[in-house]
>>> print(open('model-v5.txt').read())   # compact mmCIF, C-alpha atoms
# COMPACT_ATOMS: atom_id res chain seq x y z
CA MET Q 1 18.02 1.75 37.95
CA LYS Q 2 20.66 0.51 35.53
CA ASN Q 3 18.72 -2.69 34.83
CA ARG Q 4 15.52 -0.73 34.22
CA SER Q 5 17.33 1.52 31.75
CA LEU Q 6 18.54 -1.50 29.80
CA LEU Q 7 15.04 -2.97 29.78
CA ALA Q 8 13.76 0.27 28.29
CA ILE Q 9 16.50 0.43 25.65
CA LEU Q 10 16.07 -3.10 24.27
CA PRO Q 11 12.56 -2.58 22.76
CA LEU Q 12 13.76 0.69 21.22
CA ALA Q 13 16.73 -1.11 19.69
CA LEU Q 14 14.42 -3.70 18.15
CA LEU Q 15 12.20 -0.99 16.69
CA ALA Q 16 15.18 0.87 15.28
CA SER Q 17 16.44 -2.33 13.67
CA LYS Q 18 13.08 -2.95 12.01
CA SER Q 19 12.90 0.63 10.70
CA ALA Q 20 16.40 0.32 9.28
CA ASN Q 21 15.34 -2.82 7.40
CA ALA Q 22 12.43 -1.25 5.51
CA ALA Q 23 12.09 -2.89 2.11
CA THR Q 24 10.06 -2.43 -1.06
CA LEU Q 25 7.63 -5.33 -1.05
CA TYR Q 26 6.25 -4.41 -4.48
CA SER Q 27 6.77 -1.60 -6.97
CA ASP Q 28 6.01 -0.91 -10.61
CA LEU Q 29 7.20 2.69 -10.27
CA GLY Q 30 10.11 4.07 -12.20
CA THR Q 31 12.85 6.28 -10.83
CA GLY Q 32 13.38 10.00 -11.05
CA SER Q 33 10.71 12.68 -11.28
CA SER Q 34 8.24 10.76 -13.46
CA VAL Q 35 7.03 7.52 -11.96
CA TYR Q 36 3.85 6.92 -13.90
CA ALA Q 37 2.65 7.41 -17.44
CA GLY Q 38 0.58 10.42 -18.36
CA GLY Q 39 -2.75 10.22 -20.11
CA PRO Q 40 -5.86 8.18 -19.25
CA GLY Q 41 -5.88 6.05 -16.15
CA SER Q 42 -8.36 3.80 -14.38
CA ILE Q 43 -11.36 5.80 -13.16
CA ILE Q 44 -12.29 5.92 -9.46
CA GLN Q 45 -15.58 7.73 -8.77
CA GLY Q 46 -18.80 7.95 -6.80
CA THR Q 47 -22.39 7.91 -8.07
CA PRO Q 48 -22.59 11.69 -8.78
CA PHE Q 49 -20.66 10.83 -11.96
CA GLY Q 50 -22.82 7.82 -12.88
CA ASN Q 51 -21.84 4.46 -11.46
CA ALA Q 52 -19.57 4.28 -8.43
CA ILE Q 53 -16.35 2.62 -9.63
CA ALA Q 54 -13.63 0.89 -7.59
CA GLN Q 55 -10.43 -0.53 -9.07
CA ALA Q 56 -8.25 -3.44 -7.92
CA ARG Q 57 -4.81 -4.56 -9.06
CA PRO Q 58 -2.94 -7.71 -7.93
CA PHE Q 59 0.61 -7.65 -6.61
CA THR Q 60 2.96 -10.34 -5.33
CA VAL Q 61 5.08 -9.61 -2.26
CA ALA Q 62 8.84 -9.85 -2.81
CA GLY Q 63 11.09 -11.76 -0.43
CA THR Q 64 10.40 -14.51 2.07
CA GLY Q 65 8.90 -14.41 5.53
CA THR Q 66 6.28 -11.98 6.78
CA PHE Q 67 6.28 -8.20 6.60
CA ASP Q 68 4.41 -5.39 8.34
CA VAL Q 69 3.29 -2.77 5.82
CA THR Q 70 4.38 0.75 6.81
CA GLN Q 71 3.77 2.81 3.66
CA ILE Q 72 2.00 2.78 0.30
CA ASP Q 73 2.35 5.16 -2.67
CA LEU Q 74 -0.13 5.43 -5.54
CA GLY Q 75 -0.01 7.34 -8.81
CA VAL Q 76 -3.44 8.96 -8.56
CA VAL Q 77 -4.59 12.34 -9.92
CA TYR Q 78 -7.99 13.98 -9.51
CA ASP Q 79 -10.58 15.20 -12.01
CA ALA Q 80 -13.23 16.57 -9.63
CA GLY Q 81 -13.82 17.20 -5.94
CA ASN Q 82 -11.07 17.49 -3.34
CA GLY Q 83 -9.08 14.48 -4.56
CA SER Q 84 -9.73 12.17 -1.61
CA PHE Q 85 -10.34 8.44 -2.06
CA LEU Q 86 -9.99 5.17 -0.17
CA ALA Q 87 -6.87 3.03 -0.64
CA SER Q 88 -6.86 -0.47 0.79
CA ILE Q 89 -5.00 -3.78 0.67
CA TRP Q 90 -7.03 -6.95 0.17
CA THR Q 91 -6.38 -10.67 0.28
CA SER Q 92 -6.65 -12.76 -2.88
CA ALA Q 93 -9.43 -15.34 -3.05
CA ALA Q 94 -9.44 -17.60 -6.13
CA GLY Q 95 -7.63 -14.88 -8.07
CA HIS Q 96 -10.14 -12.16 -7.12
CA PRO Q 97 -10.02 -9.57 -4.32
CA GLY Q 98 -11.11 -11.33 -1.13
CA ALA Q 99 -11.24 -9.36 2.11
CA SER Q 100 -9.83 -5.98 3.12
CA LEU Q 101 -6.84 -6.08 5.48
CA GLY Q 102 -6.78 -2.32 6.04
CA SER Q 103 -7.92 0.92 4.41
CA TRP Q 104 -6.83 4.56 4.48
CA THR Q 105 -8.37 7.81 3.25
CA VAL Q 106 -5.74 9.60 1.18
CA THR Q 107 -5.81 12.81 -0.84
CA THR Q 108 -3.97 13.78 -4.00
CA ALA Q 109 -3.08 17.39 -4.68
CA THR Q 110 -2.21 16.70 -8.32
CA ALA Q 111 -4.84 17.61 -10.90
CA SER Q 112 -5.42 15.55 -14.03
CA GLY Q 113 -3.34 16.91 -16.91
CA SER Q 114 -0.68 18.34 -14.61
CA SER Q 115 2.90 18.11 -15.80
CA THR Q 116 3.99 16.85 -12.38
CA SER Q 117 3.71 13.26 -11.25
CA ALA Q 118 3.53 13.44 -7.48
CA LEU Q 119 2.56 10.25 -5.72
CA VAL Q 120 -0.15 9.92 -3.11
CA THR Q 121 1.63 8.64 0.01
CA GLN Q 122 0.19 7.03 3.12
CA THR Q 123 2.66 6.46 5.95
CA GLY Q 124 2.32 5.23 9.50
CA ILE Q 125 0.43 2.09 8.47
CA THR Q 126 0.07 -0.56 11.18
CA GLY Q 127 -1.83 -3.81 11.54
CA VAL Q 128 -1.35 -5.13 7.98
CA THR Q 129 0.98 -8.14 7.66
CA LEU Q 130 1.82 -9.69 4.29
CA THR Q 131 3.65 -12.91 3.38
CA GLY Q 132 6.49 -13.01 0.87
CA GLY Q 133 5.56 -14.81 -2.34
CA ASP Q 134 1.81 -14.41 -1.77
CA THR Q 135 -0.48 -12.33 -3.97
CA TYR Q 136 -2.69 -9.52 -2.66
CA PHE Q 137 -4.67 -6.67 -4.18
CA MET Q 138 -4.23 -2.92 -3.97
CA VAL Q 139 -7.66 -1.31 -4.21
CA ALA Q 140 -8.57 2.32 -4.93
CA SER Q 141 -12.20 3.23 -4.42
CA PRO Q 142 -14.53 6.09 -3.53
CA ALA Q 143 -14.92 6.57 0.22
CA HIS Q 144 -18.65 5.83 -0.17
CA LEU Q 145 -21.10 5.34 -3.04
CA SER Q 146 -22.25 8.98 -3.07
CA ASP Q 147 -18.67 10.33 -2.93
CA ALA Q 148 -18.43 13.51 -5.06
CA ASN Q 149 -14.78 12.88 -5.98
CA LYS Q 150 -13.44 11.55 -9.26
CA GLU Q 151 -9.86 10.37 -9.72
CA GLU Q 152 -7.67 8.58 -12.24
CA TRP Q 153 -5.27 5.85 -11.13
CA GLU Q 154 -2.48 6.34 -13.65
CA SER Q 155 -0.70 3.54 -15.51
CA ASN Q 156 2.89 2.78 -14.54
CA ASN Q 157 5.71 3.79 -16.90
CA GLN Q 158 7.53 0.46 -16.66
CA GLY Q 159 5.40 -1.50 -19.10
CA ALA Q 160 4.09 -3.76 -16.33
CA SER Q 161 0.71 -5.37 -16.99
CA ALA Q 162 -1.76 -7.04 -14.66
CA ASN Q 163 -5.23 -8.50 -14.53
CA ILE Q 164 -7.76 -5.70 -14.20
CA PHE Q 165 -10.62 -5.91 -11.70
CA GLY Q 166 -13.38 -3.39 -11.14
CA ALA Q 167 -16.53 -3.12 -9.05
CA LEU Q 168 -19.67 -1.09 -9.81
CA ASN Q 169 -21.81 0.45 -7.07
CA GLY Q 170 -20.32 -1.68 -4.32
CA GLY Q 171 -21.06 -4.94 -6.12
CA SER Q 172 -18.86 -7.95 -6.74
CA TRP Q 173 -15.49 -7.70 -8.45
CA ILE Q 174 -15.51 -8.11 -12.23
CA ALA Q 175 -12.46 -9.33 -14.14
CA ASP Q 176 -11.85 -7.17 -17.20
CA GLY Q 177 -8.92 -8.86 -18.91
CA SER Q 178 -5.31 -7.74 -18.71
CA GLY Q 179 -3.87 -4.29 -19.27
CA PRO Q 180 -1.34 -1.72 -18.07
CA ASN Q 181 -0.92 -2.02 -14.33
CA ALA Q 182 -1.82 0.97 -12.20
CA ALA Q 183 1.16 2.70 -10.60
CA PHE Q 184 1.81 1.93 -6.93
CA ASP Q 185 4.26 0.51 -4.44
CA VAL Q 186 4.12 -1.17 -1.03
CA ILE Q 187 6.83 -0.72 1.61
CA GLY Q 188 7.24 -2.70 4.82
CA VAL Q 189 9.56 -4.14 7.45
CA PRO Q 190 10.16 -7.73 8.64
CA ALA Q 191 7.37 -8.73 10.99
CA VAL Q 192 9.81 -10.47 13.36
CA PRO Q 193 13.34 -9.48 14.38
CA GLU Q 194 16.01 -10.71 12.00
CA PRO Q 195 18.53 -13.36 13.20
CA ALA Q 196 21.25 -10.72 13.65
CA THR Q 197 18.95 -8.77 15.96
CA LEU Q 198 17.97 -11.89 17.92
CA ALA Q 199 21.67 -12.67 18.40
CA LEU Q 200 22.05 -9.39 20.30
CA LEU Q 201 19.39 -10.29 22.86
CA PRO Q 202 21.65 -12.59 24.97
CA LEU Q 203 24.20 -9.77 25.15
CA GLY Q 204 21.52 -7.40 26.36
CA LEU Q 205 20.30 -9.90 28.95
CA ALA Q 206 23.88 -10.44 30.12
CA GLY Q 207 24.27 -6.72 30.52
CA MET Q 208 21.12 -6.52 32.62
CA LEU Q 209 22.30 -9.34 34.87
CA ALA Q 210 25.66 -7.60 35.30
>>> encode(input="model-v5.txt", output="structure tokens")
Amino acid sequence: MKNRSLLAILPLALLASKSANAATLYSDLGTGSSVYAGGPGSIIQGTPFGNAIAQARPFTVAGTGTFDVTQIDLGVVYDAGNGSFLASIWTSAAGHPGASLGSWTVTTATASGSSTSALVTQTGITGVTLTGGDTYFMVASPAHLSDANKEEWESNNQGASANIFGALNGGSWIADGSGPNAAFDVIGVPAVPEPATLALLPLGLAGMLA
């Protein structure tokens, strides 16, 4: 029974270690209560408002090694509908958005023009692994072409700029020069146990043998 208990504890210890090592893989957010600039943002909308518009912004992962994404935060407010939209992380292909690695339907409760600057947060993300030093894209889009929601992806308040990409009616991505980067961050944990954690494994195995 004692050996079985140790076998059960070791995976939990590894998970706890990974959670404790959560890191910000990318962020252009400020600190304090205001993390993005007020005023016009990049429009996200479905065809009830004209063309369906999706937005993409590049980001480069900090650090080295590989990381499992666990959380994203976006500075998005809504103009119409219930404020829901699709957030996704894409690969980069020749400097353009390539393929989606994962997507999540998120909802903002903050209306356009509000004095607050609450972020839209998606936690519990699994199955998306990024490599330090590589560039990816954060994409905000309507859930489908006929989506009756309209949102604004607000600019960051840090003065960060990026190449702007948009897509109309589900078509190909169009580069639209450089401008204020949309506000967002990406949080993750190392995809493999760190050396300090691996060093504990022999001790655990020795304990099981004892």
>>> atom_distance(input="model-v5.txt", atom1="atom CA of Gly75 of chain Q", atom2="atom CA of Ala118 of chain Q")
7.2 Å
>>> closest_residue(input="model-v5.txt", among="Q:Gln158, Q:Asn181, Q:Ser146, Q:Thr135", to="Asn51 of chain Q", atoms="only C-alpha atoms")
Q:Ser146
>>> atom_distance(input="model-v5.txt", atom1="atom CA of Leu130 of chain Q", atom2="atom CA of Phe85 of chain Q")
22.7 Å
>>> closest_residue(input="model-v5.txt", among="Q:Ala56, Q:Leu74, Q:Ala183, Q:Ala22", to="Gly95 of chain Q", atoms="only C-alpha atoms")
Q:Ala56
>>> atom_distance(input="model-v5.txt", atom1="atom CA of Ile43 of chain Q", atom2="atom CA of Trp90 of chain Q")
18.9 Å
>>> residues_around(input="model-v5.txt", residues="segment 97-103 of chain Q", least_positions_apart="6", cutoff="8 Å", atoms="all atoms listed in the file", output="mmCIF file with C-alpha atoms, in the frame of the given file")
data_model
loop_
_atom_site.group_PDB
_atom_site.id
_atom_site.type_symbol
_atom_site.label_atom_id
_atom_site.label_comp_id
_atom_site.auth_asym_id
_atom_site.auth_seq_id
_atom_site.Cartn_x
_atom_site.Cartn_y
_atom_site.Cartn_z
ATOM 1 C CA ALA Q 56 -8.250 -3.440 -7.920
ATOM 2 C CA LEU Q 86 -9.990 5.170 -0.170
ATOM 3 C CA ALA Q 87 -6.870 3.030 -0.640
ATOM 4 C CA SER Q 88 -6.860 -0.470 0.790
ATOM 5 C CA ILE Q 89 -5.000 -3.780 0.670
ATOM 6 C CA TRP Q 90 -7.030 -6.950 0.170
ATOM 7 C CA THR Q 91 -6.380 -10.670 0.280
ATOM 8 C CA GLY Q 127 -1.830 -3.810 11.540
ATOM 9 C CA VAL Q 128 -1.350 -5.130 7.980
ATOM 10 C CA TYR Q 136 -2.690 -9.520 -2.660
ATOM 11 C CA PHE Q 137 -4.670 -6.670 -4.180
ATOM 12 C CA TRP Q 173 -15.490 -7.700 -8.450
#
>>> residues_around(input="model-v5.txt", residues="Ser172 of chain Q", least_positions_apart="2", cutoff="12 Å", atoms="all atoms listed in the file", output="list in words")
Ile53, Ala54, Gln55, Ala56, His96, Pro97, Gly98, Ala99, Phe165, Gly166, Ala167, Leu168, Asn169, Gly170, Ile174 and Ala175 of chain Q
>>> closest_residue(input="model-v5.txt", among="Q:Phe49, Q:Phe184, Q:Phe67, Q:Phe59", to="Glu151 of chain Q", atoms="all atoms listed in the file")
Q:Phe49
>>> closest_residue(input="model-v5.txt", among="Q:Gln71, Q:Ser84, Q:Ser161, Q:Thr47", to="Asp185 of chain Q", atoms="all atoms listed in the file")
Q:Gln71
>>> closest_residue(input="model-v5.txt", among="Q:Asp176, Q:Asp73, Q:Asp79, Q:Glu152", to="Met138 of chain Q", atoms="only C-alpha atoms")
Q:Asp73
>>> decode(input="model-v5.txt", residues="segment 107-156 of chain Q", atoms="N, CA and C atoms", output="JSON list (two decimals), in the first residue's frame")
[["chain", "number", "residue", "atom", "x", "y", "z"],
["Q", 107, "THR", "N", -16.33, 35.43, -23.75],
["Q", 107, "THR", "CA", -17.34, 36.50, -23.70],
["Q", 107, "THR", "C", -16.85, 37.64, -22.83],
["Q", 108, "THR", "N", -16.98, 38.86, -23.32],
["Q", 108, "THR", "CA", -16.64, 40.03, -22.54],
["Q", 108, "THR", "C", -17.90, 40.67, -21.98],
["Q", 109, "ALA", "N", -17.83, 41.09, -20.73],
["Q", 109, "ALA", "CA", -18.96, 41.76, -20.09],
["Q", 109, "ALA", "C", -18.79, 43.27, -20.10],
["Q", 110, "THR", "N", -17.70, 43.75, -20.72],
["Q", 110, "THR", "CA", -17.41, 45.18, -20.73],
["Q", 110, "THR", "C", -17.90, 45.81, -22.02],
["Q", 111, "ALA", "N", -18.77, 46.81, -21.89],
["Q", 111, "ALA", "CA", -19.31, 47.50, -23.06],
["Q", 111, "ALA", "C", -18.34, 48.55, -23.56],
["Q", 112, "SER", "N", -18.37, 48.82, -24.86],
["Q", 112, "SER", "CA", -17.55, 49.87, -25.44],
["Q", 112, "SER", "C", -17.88, 51.20, -24.78],
["Q", 113, "GLY", "N", -16.86, 51.98, -24.46],
["Q", 113, "GLY", "CA", -17.07, 53.26, -23.81],
["Q", 113, "GLY", "C", -17.09, 53.19, -22.30],
["Q", 114, "SER", "N", -17.01, 51.98, -21.74],
["Q", 114, "SER", "CA", -17.01, 51.83, -20.29],
["Q", 114, "SER", "C", -15.72, 52.38, -19.71],
["Q", 115, "SER", "N", -15.80, 52.87, -18.50],
["Q", 115, "SER", "CA", -14.61, 53.42, -17.84],
["Q", 115, "SER", "C", -13.72, 52.31, -17.29],
["Q", 116, "THR", "N", -14.24, 51.10, -17.21],
["Q", 116, "THR", "CA", -13.44, 49.98, -16.72],
["Q", 116, "THR", "C", -12.63, 49.37, -17.86],
["Q", 117, "SER", "N", -11.67, 48.55, -17.51],
["Q", 117, "SER", "CA", -10.84, 47.92, -18.55],
["Q", 117, "SER", "C", -10.61, 46.46, -18.19],
["Q", 118, "ALA", "N", -11.71, 45.75, -17.94],
["Q", 118, "ALA", "CA", -11.60, 44.34, -17.59],
["Q", 118, "ALA", "C", -11.14, 43.54, -18.80],
["Q", 119, "LEU", "N", -10.29, 42.56, -18.53],
["Q", 119, "LEU", "CA", -9.81, 41.69, -19.59],
["Q", 119, "LEU", "C", -10.74, 40.50, -19.77],
["Q", 120, "VAL", "N", -10.78, 39.98, -20.98],
["Q", 120, "VAL", "CA", -11.46, 38.73, -21.26],
["Q", 120, "VAL", "C", -10.44, 37.62, -20.98],
["Q", 121, "THR", "N", -10.77, 36.71, -20.08],
["Q", 121, "THR", "CA", -9.82, 35.67, -19.67],
["Q", 121, "THR", "C", -10.34, 34.29, -20.03],
["Q", 122, "GLN", "N", -9.47, 33.48, -20.59],
["Q", 122, "GLN", "CA", -9.77, 32.07, -20.85],
["Q", 122, "GLN", "C", -8.73, 31.24, -20.13],
["Q", 123, "THR", "N", -9.18, 30.45, -19.15],
["Q", 123, "THR", "CA", -8.27, 29.58, -18.40],
["Q", 123, "THR", "C", -8.54, 28.12, -18.76],
["Q", 124, "GLY", "N", -7.75, 27.24, -18.18],
["Q", 124, "GLY", "CA", -7.95, 25.81, -18.39],
["Q", 124, "GLY", "C", -7.60, 25.35, -19.79],
["Q", 125, "ILE", "N", -6.74, 26.08, -20.48],
["Q", 125, "ILE", "CA", -6.36, 25.71, -21.84],
["Q", 125, "ILE", "C", -5.42, 24.50, -21.80],
["Q", 126, "THR", "N", -5.66, 23.55, -22.67],
["Q", 126, "THR", "CA", -4.79, 22.38, -22.81],
["Q", 126, "THR", "C", -4.59, 22.10, -24.30],
["Q", 127, "GLY", "N", -3.51, 21.38, -24.59],
["Q", 127, "GLY", "CA", -3.30, 20.91, -25.96],
["Q", 127, "GLY", "C", -2.64, 21.90, -26.90],
["Q", 128, "VAL", "N", -2.17, 23.05, -26.38],
["Q", 128, "VAL", "CA", -1.47, 24.03, -27.22],
["Q", 128, "VAL", "C", -0.06, 24.22, -26.67],
["Q", 129, "THR", "N", 0.94, 23.80, -27.43],
["Q", 129, "THR", "CA", 2.34, 23.89, -27.01],
["Q", 129, "THR", "C", 3.09, 24.85, -27.93],
["Q", 130, "LEU", "N", 3.78, 25.81, -27.31],
["Q", 130, "LEU", "CA", 4.53, 26.82, -28.05],
["Q", 130, "LEU", "C", 6.02, 26.71, -27.73],
["Q", 131, "THR", "N", 6.85, 27.18, -28.66],
["Q", 131, "THR", "CA", 8.30, 27.11, -28.51],
["Q", 131, "THR", "C", 8.87, 28.50, -28.27],
["Q", 132, "GLY", "N", 9.71, 28.61, -27.25],
["Q", 132, "GLY", "CA", 10.35, 29.88, -26.94],
["Q", 132, "GLY", "C", 11.15, 30.42, -28.10],
["Q", 133, "GLY", "N", 11.00, 31.72, -28.38],
["Q", 133, "GLY", "CA", 11.71, 32.35, -29.49],
["Q", 133, "GLY", "C", 10.97, 32.30, -30.80],
["Q", 134, "ASP", "N", 9.93, 31.46, -30.92],
["Q", 134, "ASP", "CA", 9.15, 31.37, -32.15],
["Q", 134, "ASP", "C", 8.00, 32.36, -32.14],
["Q", 135, "THR", "N", 7.56, 32.74, -33.33],
["Q", 135, "THR", "CA", 6.46, 33.69, -33.49],
["Q", 135, "THR", "C", 5.16, 32.96, -33.84],
["Q", 136, "TYR", "N", 4.09, 33.39, -33.21],
["Q", 136, "TYR", "CA", 2.75, 32.85, -33.44],
["Q", 136, "TYR", "C", 1.79, 34.03, -33.63],
["Q", 137, "PHE", "N", 0.52, 33.72, -33.81],
["Q", 137, "PHE", "CA", -0.48, 34.76, -33.94],
["Q", 137, "PHE", "C", -1.62, 34.53, -32.96],
["Q", 138, "MET", "N", -2.05, 35.62, -32.30],
["Q", 138, "MET", "CA", -3.29, 35.61, -31.55],
["Q", 138, "MET", "C", -4.37, 36.14, -32.49],
["Q", 139, "VAL", "N", -5.46, 35.40, -32.60],
["Q", 139, "VAL", "CA", -6.53, 35.76, -33.53],
["Q", 139, "VAL", "C", -7.83, 35.95, -32.76],
["Q", 140, "ALA", "N", -8.53, 37.02, -33.08],
["Q", 140, "ALA", "CA", -9.89, 37.27, -32.54],
["Q", 140, "ALA", "C", -10.83, 37.37, -33.73],
["Q", 141, "SER", "N", -11.88, 36.58, -33.70],
["Q", 141, "SER", "CA", -12.77, 36.51, -34.86],
["Q", 141, "SER", "C", -14.20, 36.23, -34.43],
["Q", 142, "PRO", "N", -15.17, 36.50, -35.31],
["Q", 142, "PRO", "CA", -16.54, 36.06, -34.99],
["Q", 142, "PRO", "C", -16.60, 34.55, -34.96],
["Q", 143, "ALA", "N", -17.54, 34.01, -34.18],
["Q", 143, "ALA", "CA", -17.65, 32.55, -34.06],
["Q", 143, "ALA", "C", -18.03, 31.92, -35.40],
["Q", 144, "HIS", "N", -18.78, 32.66, -36.23],
["Q", 144, "HIS", "CA", -19.14, 32.20, -37.57],
["Q", 144, "HIS", "C", -19.48, 33.44, -38.39],
["Q", 145, "LEU", "N", -19.59, 33.30, -39.70],
["Q", 145, "LEU", "CA", -19.76, 34.47, -40.56],
["Q", 145, "LEU", "C", -21.02, 35.26, -40.24],
["Q", 146, "SER", "N", -22.10, 34.58, -39.85],
["Q", 146, "SER", "CA", -23.36, 35.28, -39.58],
["Q", 146, "SER", "C", -23.51, 35.67, -38.11],
["Q", 147, "ASP", "N", -22.42, 35.63, -37.36],
["Q", 147, "ASP", "CA", -22.42, 36.01, -35.94],
["Q", 147, "ASP", "C", -22.97, 37.43, -35.77],
["Q", 148, "ALA", "N", -23.92, 37.60, -34.85],
["Q", 148, "ALA", "CA", -24.56, 38.90, -34.64],
["Q", 148, "ALA", "C", -23.87, 39.71, -33.54],
["Q", 149, "ASN", "N", -22.61, 39.39, -33.26],
["Q", 149, "ASN", "CA", -21.84, 40.14, -32.27],
["Q", 149, "ASN", "C", -20.84, 41.06, -32.95],
["Q", 150, "LYS", "N", -20.56, 42.18, -32.28],
["Q", 150, "LYS", "CA", -19.55, 43.11, -32.76],
["Q", 150, "LYS", "C", -18.72, 43.56, -31.57],
["Q", 151, "GLU", "N", -17.40, 43.41, -31.69],
["Q", 151, "GLU", "CA", -16.48, 43.76, -30.61],
["Q", 151, "GLU", "C", -15.36, 44.67, -31.11],
["Q", 152, "GLU", "N", -14.65, 45.25, -30.15],
["Q", 152, "GLU", "CA", -13.44, 46.01, -30.45],
["Q", 152, "GLU", "C", -12.30, 45.42, -29.64],
["Q", 153, "TRP", "N", -11.22, 45.07, -30.33],
["Q", 153, "TRP", "CA", -10.01, 44.58, -29.66],
["Q", 153, "TRP", "C", -9.14, 45.80, -29.41],
["Q", 154, "GLU", "N", -9.09, 46.25, -28.17],
["Q", 154, "GLU", "CA", -8.47, 47.51, -27.83],
["Q", 154, "GLU", "C", -6.95, 47.49, -27.99],
["Q", 155, "SER", "N", -6.39, 48.69, -28.26],
["Q", 155, "SER", "CA", -4.94, 48.82, -28.35],
["Q", 155, "SER", "C", -4.33, 48.76, -26.96],
["Q", 156, "ASN", "N", -3.11, 48.25, -26.88],
["Q", 156, "ASN", "CA", -2.40, 48.21, -25.61],
["Q", 156, "ASN", "C", -2.02, 49.63, -25.18]]
